[in-house]
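Read the structure below first, then the notes.
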Amino acid sequence: MRIYGNRQLKTLSGLDTRPTSARVRAAVFNIWQGEIDNCSWLDLCAGSGAMSAEALSRGAKSVTCIEQSSPACAIIRQNLQQIAKNQTCQILRGDVVHKLKTLTGQQFDRIYFDPPYASNLYQPVLEEIASSQLLHPDGELAVEHSPNFELPQITTLAICRQKAYGHTAVTFYCPSQQEGQSLAL
């Protein structure tokens with residue numbers, strides 16, 4: 001697998017992880033063009049860490065990856081070490097919902113969430129992101145899912161756009177406007 005700058009990344013063999021396709025990866029980074037440089041990035045169900053490596057190569061100041069698989073964490077570590085310059089990288093191994101709770105008090109400019117499509121992780125992860133206020137007020141969250149899957153509604157997160165790429169869809173959430181706030185035009 002290759003990322004921005006024609007850099008080669010390692011991946012796990014077998015079907016334990018499903019890397020985000022190059023097409024979807026490019027689309028997400030095109031949508032977030034100009035928003036990655038100096039951002040704080042959170043990668044949930046990180047797999048090989050390709051999305052985080054891409055963010056680092058485009059200038060993210062820090063990345064945090066959460067992944068349950070020990071072998072995948074080892075691959076993520078190798079991939080990020082070859083990309084990171086003076087950037088901060090953190091890899092948390094374990095259940096994504098429980099690990100999110102350890103991040104309370106932090107905020108991220110960009111969050112990418114790509115769970116196994118058939119998992120029951122969507123609702124609890126989105127609720128934890130919202131309740132812990134992990135998404136910066138000017139940030140955005142991208143959730144990868146099957147095109148026929150309806151994502152849960154979360155009161156403090158608003159869907160700001162949705163895109164479909166063949167067998168993959170990406171829904172983008174922004175923090176909902178709180179009562180008394182107005183949008184800057």
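Going through the structure tokens in order, the chains are called A, B, and so on, while each chain numbers its residues from 1 and the ligands are numbered from 1 in the order shown.
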
Exercise for review: Tell me which protein, DNA and RNA residues are within 9 Å of His167 in chain A, counting only C-alpha atoms, leaving out same-chain ones fewer than 3 positions away, and put them as a VMD selection string.
Suggested key: chain A and resid 145 to 147 164

Exercise for review: Compile the contact shell of Ala26 in chain A as a PyMOL selection string: residues with an atom at most 12 Å away, counting only C-alpha atoms, same-chain residues fewer than 4 positions apart removed.
Suggested key: chain A and resi 2-4+20-22+30-33+50-51+54-55+58+165

Next, write the just-selected residues to a file, as a short mmCIF file (atom, residue, chain, number, x, y, z; two decimals), in the first residue's frame, keeping N, CA, C and O atoms as the atom set.
data_model
loop_
_atom_site.label_atom_id
_atom_site.label_comp_id
_atom_site.auth_asym_id
_atom_site.auth_seq_id
_atom_site.Cartn_x
_atom_site.Cartn_y
_atom_site.Cartn_z
N ARG A 2 0.50 2.24 -0.79
CA ARG A 2 1.27 3.48 -0.88
C ARG A 2 0.40 4.65 -0.43
O ARG A 2 -0.80 4.65 -0.62
N ILE A 3 1.07 5.65 0.14
CA ILE A 3 0.38 6.87 0.54
C ILE A 3 1.03 8.06 -0.13
O ILE A 3 1.98 7.91 -0.89
N TYR A 4 0.56 9.25 0.20
CA TYR A 4 1.06 10.51 -0.32
C TYR A 4 2.59 10.53 -0.29
O TYR A 4 3.20 10.10 0.68
N THR A 20 -8.51 0.98 4.27
CA THR A 20 -9.28 1.94 3.49
C THR A 20 -8.67 1.99 2.10
O THR A 20 -7.45 2.12 1.95
N SER A 21 -9.51 1.88 1.08
CA SER A 21 -9.00 1.85 -0.30
C SER A 21 -8.32 3.17 -0.65
O SER A 21 -8.61 4.23 -0.07
N ALA A 22 -7.43 3.11 -1.60
CA ALA A 22 -6.70 4.30 -2.05
C ALA A 22 -7.68 5.36 -2.55
O ALA A 22 -7.49 6.56 -2.31
N ASN A 30 -8.82 14.84 0.01
CA ASN A 30 -9.18 15.95 -0.88
C ASN A 30 -10.25 16.82 -0.24
O ASN A 30 -10.21 18.04 -0.33
N ILE A 31 -11.22 16.18 0.42
CA ILE A 31 -12.27 16.94 1.11
C ILE A 31 -11.66 17.76 2.24
O ILE A 31 -12.03 18.91 2.45
N TRP A 32 -10.71 17.18 2.96
CA TRP A 32 -10.08 17.87 4.08
C TRP A 32 -8.82 18.62 3.68
O TRP A 32 -8.02 19.02 4.53
N GLN A 33 -8.63 18.84 2.39
CA GLN A 33 -7.45 19.55 1.90
C GLN A 33 -7.35 20.91 2.61
O GLN A 33 -8.32 21.63 2.74
N ALA A 50 -2.82 3.42 8.02
CA ALA A 50 -2.64 4.13 6.74
C ALA A 50 -3.23 5.53 6.77
O ALA A 50 -2.61 6.47 6.26
N MET A 51 -4.40 5.69 7.38
CA MET A 51 -5.01 7.03 7.42
C MET A 51 -4.15 7.97 8.27
O MET A 51 -3.97 9.13 7.92
N GLU A 54 -1.00 8.84 6.38
CA GLU A 54 -1.35 9.85 5.37
C GLU A 54 -1.46 11.22 6.01
O GLU A 54 -0.95 12.22 5.49
N ALA A 55 -2.12 11.29 7.18
CA ALA A 55 -2.26 12.57 7.88
C ALA A 55 -0.89 13.12 8.26
O ALA A 55 -0.63 14.32 8.09
N ARG A 58 0.95 14.62 5.44
CA ARG A 58 0.36 15.88 4.99
C ARG A 58 0.46 16.97 6.05
O ARG A 58 -0.17 18.01 5.93
N TYR A 165 -18.57 5.70 -2.46
CA TYR A 165 -17.50 5.28 -3.37
C TYR A 165 -17.63 3.78 -3.56
O TYR A 165 -16.98 3.01 -2.87
#

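Take the candidates A:Glu150, A:Asp138, A:Glu127, A:Glu144 and check each one against Val28 in chain A using only C-alpha atoms; the shortest distance goes to A:Glu144.
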
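Between CA of Val24 in chain A and CA of Phe113 in chain A lies a distance of 12.9 Å.
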
Check your understanding: Got a sec: who's within 10 Å of Thr155 in chain A, counting only C-alpha atoms, leaving out chain neighbours fewer than 4 positions off, as a PyMOL selection string?
Key -> chain A and resi 127+130-131+175-176

Using all heavy atoms, can you write the selected residues to a file as a PDB file, in the first residue's frame?
ATOM      1  N   GLU A 127     -21.428   7.952  20.379  1.00  0.00           N
ATOM      2  CA  GLU A 127     -21.911   8.507  21.646  1.00  0.00           C
ATOM      3  C   GLU A 127     -20.752   8.898  22.558  1.00  0.00           C
ATOM      4  O   GLU A 127     -20.807   9.945  23.213  1.00  0.00           O
ATOM      5  CB  GLU A 127     -22.829   7.506  22.354  1.00  0.00           C
ATOM      6  CG  GLU A 127     -24.190   7.402  21.699  1.00  0.00           C
ATOM      7  CD  GLU A 127     -25.088   6.340  22.316  1.00  0.00           C
ATOM      8  OE1 GLU A 127     -24.638   5.570  23.204  1.00  0.00           O
ATOM      9  OE2 GLU A 127     -26.268   6.273  21.902  1.00  0.00           O
ATOM     10  N   ALA A 130     -19.102  12.074  21.346  1.00  0.00           N
ATOM     11  CA  ALA A 130     -19.950  13.217  21.683  1.00  0.00           C
ATOM     12  C   ALA A 130     -19.918  13.523  23.172  1.00  0.00           C
ATOM     13  O   ALA A 130     -19.692  14.674  23.569  1.00  0.00           O
ATOM     14  CB  ALA A 130     -21.381  12.959  21.223  1.00  0.00           C
ATOM     15  N   SER A 131     -20.101  12.514  24.012  1.00  0.00           N
ATOM     16  CA  SER A 131     -20.184  12.774  25.456  1.00  0.00           C
ATOM     17  C   SER A 131     -18.844  13.234  26.031  1.00  0.00           C
ATOM     18  O   SER A 131     -18.814  14.038  26.957  1.00  0.00           O
ATOM     19  CB  SER A 131     -20.701  11.547  26.202  1.00  0.00           C
ATOM     20  OG  SER A 131     -19.762  10.507  26.178  1.00  0.00           O
ATOM     21  N   PRO A 175     -19.662  19.208  14.817  1.00  0.00           N
ATOM     22  CA  PRO A 175     -20.387  19.469  16.059  1.00  0.00           C
ATOM     23  C   PRO A 175     -21.661  20.263  15.762  1.00  0.00           C
ATOM     24  O   PRO A 175     -21.648  21.193  14.953  1.00  0.00           O
ATOM     25  CB  PRO A 175     -19.410  20.302  16.886  1.00  0.00           C
ATOM     26  CG  PRO A 175     -18.064  19.963  16.330  1.00  0.00           C
ATOM     27  CD  PRO A 175     -18.301  19.729  14.860  1.00  0.00           C
ATOM     28  N   SER A 176     -22.758  19.880  16.384  1.00  0.00           N
ATOM     29  CA  SER A 176     -24.014  20.614  16.219  1.00  0.00           C
ATOM     30  C   SER A 176     -23.883  21.987  16.835  1.00  0.00           C
ATOM     31  O   SER A 176     -23.182  22.162  17.828  1.00  0.00           O
ATOM     32  CB  SER A 176     -25.169  19.879  16.913  1.00  0.00           C
ATOM     33  OG  SER A 176     -25.385  18.625  16.330  1.00  0.00           O
TER      34      SER A 176
END

Exercise for review: Please return as a ChimeraX atom specification: the residues of chain A that backbone DSSP assigns to strand (DSSP E or B).
Suggested key: /A:2-3,7-8,40-44,62-67,88-93,108-113,135-145,154,157-165,168-175

Check your understanding: If you count only C-alpha atoms, which residues fall within 12 Å of Ile154 in chain A, apart from same-chain ones fewer than 2 positions away, as a list of chain:residue names?
Key -> A:Tyr122, A:Gln123, A:Pro124, A:Val125, A:Leu126, A:Glu127, A:Glu128, A:Ile129, A:Ala130, A:Ser131, A:Leu151, A:Pro152, A:Thr156, A:Leu157, A:Ala158, A:Ile159, A:Tyr173, A:Cys174, A:Pro175, A:Ser176

Write a file of the just-selected residues containing all heavy atoms, as a compact mmCIF listing (two decimals), in the first residue's frame.
# COMPACT_ATOMS: atom_id res chain seq x y z
N TYR A 122 -20.71 1.40 15.96
CA TYR A 122 -21.07 2.74 15.51
C TYR A 122 -21.73 3.57 16.62
O TYR A 122 -21.26 4.66 16.95
CB TYR A 122 -21.96 2.69 14.27
CG TYR A 122 -21.22 2.22 13.04
CD1 TYR A 122 -21.32 0.90 12.62
CD2 TYR A 122 -20.42 3.08 12.30
CE1 TYR A 122 -20.63 0.45 11.49
CE2 TYR A 122 -19.73 2.65 11.19
CZ TYR A 122 -19.84 1.34 10.77
OH TYR A 122 -19.16 0.91 9.67
N GLN A 123 -22.82 3.08 17.17
CA GLN A 123 -23.56 3.83 18.19
C GLN A 123 -22.70 4.14 19.42
O GLN A 123 -22.58 5.31 19.80
CB GLN A 123 -24.82 3.05 18.60
CG GLN A 123 -25.69 3.77 19.62
CD GLN A 123 -26.68 4.70 18.99
OE1 GLN A 123 -27.14 4.45 17.88
NE2 GLN A 123 -27.02 5.77 19.67
N PRO A 124 -22.08 3.13 20.07
CA PRO A 124 -21.33 3.46 21.29
C PRO A 124 -20.12 4.36 21.04
O PRO A 124 -19.81 5.22 21.87
CB PRO A 124 -20.91 2.10 21.85
CG PRO A 124 -21.04 1.13 20.73
CD PRO A 124 -22.10 1.68 19.83
N VAL A 125 -19.45 4.21 19.91
CA VAL A 125 -18.28 5.05 19.63
C VAL A 125 -18.71 6.49 19.36
O VAL A 125 -18.14 7.44 19.92
CB VAL A 125 -17.45 4.49 18.45
CG1 VAL A 125 -16.44 5.51 17.94
CG2 VAL A 125 -16.74 3.21 18.89
N LEU A 126 -19.74 6.67 18.55
CA LEU A 126 -20.21 8.04 18.27
C LEU A 126 -20.73 8.70 19.54
O LEU A 126 -20.48 9.89 19.78
CB LEU A 126 -21.28 8.03 17.18
CG LEU A 126 -20.77 7.64 15.79
CD1 LEU A 126 -21.92 7.52 14.80
CD2 LEU A 126 -19.73 8.62 15.29
N GLU A 127 -21.43 7.95 20.38
CA GLU A 127 -21.91 8.51 21.65
C GLU A 127 -20.75 8.90 22.56
O GLU A 127 -20.81 9.95 23.21
CB GLU A 127 -22.83 7.51 22.35
CG GLU A 127 -24.19 7.40 21.70
CD GLU A 127 -25.09 6.34 22.32
OE1 GLU A 127 -24.64 5.57 23.20
OE2 GLU A 127 -26.27 6.27 21.90
N GLU A 128 -19.71 8.08 22.60
CA GLU A 128 -18.55 8.39 23.46
C GLU A 128 -17.80 9.61 22.93
O GLU A 128 -17.36 10.46 23.71
CB GLU A 128 -17.62 7.19 23.58
CG GLU A 128 -16.50 7.38 24.58
CD GLU A 128 -16.98 7.67 25.99
OE1 GLU A 128 -17.99 7.08 26.43
OE2 GLU A 128 -16.34 8.50 26.67
N ILE A 129 -17.64 9.73 21.63
CA ILE A 129 -16.99 10.91 21.04
C ILE A 129 -17.78 12.15 21.44
O ILE A 129 -17.19 13.16 21.86
CB ILE A 129 -16.89 10.79 19.50
CG1 ILE A 129 -15.86 9.72 19.12
CG2 ILE A 129 -16.54 12.14 18.87
CD1 ILE A 129 -15.90 9.34 17.65
N ALA A 130 -19.10 12.07 21.35
CA ALA A 130 -19.95 13.22 21.68
C ALA A 130 -19.92 13.52 23.17
O ALA A 130 -19.69 14.67 23.57
CB ALA A 130 -21.38 12.96 21.22
N SER A 131 -20.10 12.51 24.01
CA SER A 131 -20.18 12.77 25.46
C SER A 131 -18.84 13.23 26.03
O SER A 131 -18.81 14.04 26.96
CB SER A 131 -20.70 11.55 26.20
OG SER A 131 -19.76 10.51 26.18
N LEU A 151 -26.51 5.29 9.73
CA LEU A 151 -25.78 5.63 10.95
C LEU A 151 -26.73 6.21 12.00
O LEU A 151 -27.75 6.82 11.66
CB LEU A 151 -24.68 6.64 10.65
CG LEU A 151 -23.48 6.08 9.89
CD1 LEU A 151 -22.59 7.20 9.40
CD2 LEU A 151 -22.68 5.14 10.77
N PRO A 152 -26.39 6.03 13.27
CA PRO A 152 -27.24 6.56 14.33
C PRO A 152 -27.21 8.09 14.37
O PRO A 152 -26.23 8.71 13.98
CB PRO A 152 -26.63 5.97 15.61
CG PRO A 152 -25.23 5.65 15.26
CD PRO A 152 -25.22 5.32 13.80
N THR A 156 -25.47 15.84 19.56
CA THR A 156 -24.47 16.91 19.49
C THR A 156 -23.58 16.84 18.25
O THR A 156 -22.63 17.60 18.14
CB THR A 156 -23.59 16.89 20.76
OG1 THR A 156 -22.95 15.62 20.85
CG2 THR A 156 -24.40 17.18 22.01
N LEU A 157 -23.89 15.91 17.35
CA LEU A 157 -23.16 15.80 16.09
C LEU A 157 -24.14 15.91 14.93
O LEU A 157 -25.17 15.24 14.92
CB LEU A 157 -22.41 14.46 16.00
CG LEU A 157 -21.32 14.21 17.02
CD1 LEU A 157 -20.82 12.77 16.92
CD2 LEU A 157 -20.18 15.20 16.86
N ALA A 158 -23.82 16.74 13.97
CA ALA A 158 -24.68 16.92 12.80
C ALA A 158 -23.98 16.37 11.56
O ALA A 158 -22.77 16.57 11.38
CB ALA A 158 -24.99 18.40 12.60
N ILE A 159 -24.73 15.69 10.73
CA ILE A 159 -24.16 15.21 9.46
C ILE A 159 -23.99 16.42 8.54
O ILE A 159 -24.95 17.14 8.26
CB ILE A 159 -25.06 14.13 8.82
CG1 ILE A 159 -25.06 12.88 9.71
CG2 ILE A 159 -24.58 13.80 7.40
CD1 ILE A 159 -26.03 11.80 9.27
N TYR A 173 -19.36 14.18 10.07
CA TYR A 173 -20.10 14.85 11.14
C TYR A 173 -19.33 16.09 11.57
O TYR A 173 -18.10 16.08 11.64
CB TYR A 173 -20.21 13.96 12.38
CG TYR A 173 -21.14 12.79 12.26
CD1 TYR A 173 -20.69 11.57 11.76
CD2 TYR A 173 -22.45 12.87 12.70
CE1 TYR A 173 -21.53 10.47 11.68
CE2 TYR A 173 -23.31 11.77 12.64
CZ TYR A 173 -22.84 10.58 12.12
OH TYR A 173 -23.66 9.48 12.06
N CYS A 174 -20.08 17.13 11.92
CA CYS A 174 -19.56 18.34 12.53
C CYS A 174 -20.27 18.51 13.87
O CYS A 174 -21.38 18.02 14.03
CB CYS A 174 -19.86 19.56 11.66
SG CYS A 174 -19.17 19.45 10.00
N PRO A 175 -19.66 19.21 14.82
CA PRO A 175 -20.39 19.47 16.06
C PRO A 175 -21.66 20.26 15.76
O PRO A 175 -21.65 21.19 14.95
CB PRO A 175 -19.41 20.30 16.89
CG PRO A 175 -18.06 19.96 16.33
CD PRO A 175 -18.30 19.73 14.86
N SER A 176 -22.76 19.88 16.38
CA SER A 176 -24.01 20.61 16.22
C SER A 176 -23.88 21.99 16.83
O SER A 176 -23.18 22.16 17.83
CB SER A 176 -25.17 19.88 16.91
OG SER A 176 -25.39 18.62 16.33

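Here the question is which of A:Lys163, A:Lys99, A:His136, A:Lys61 gets nearest to Lys85 in chain A using only C-alpha atoms, and that residue is A:Lys61.
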
Practice item. Fewer than 2 positions away in the same chain doesn't count, so skip those; otherwise give me all residues within 9 Å of range 62-69 of chain A, counting only C-alpha atoms, as a PyMOL selection string. Key: chain A and resi 16+38-47+49+52-53+55-56+59-60+71-74+76+87-96+99-100

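Relative to CA of Gln107 in chain A, CA of Leu135 in chain A is found at 5.3 Å.
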
**Study point:** Nearest-residue call for Glu35 in chain A, choices A:Arg110, A:Cys160, A:Gln133, A:Phe172, using only C-alpha atoms
**Key:** A:Arg110

Study note, to complete from the structure: Correct to one decimal, the distance CA of Tyr112 in chain A-CA of Val143 in chain A is 6.1 Å
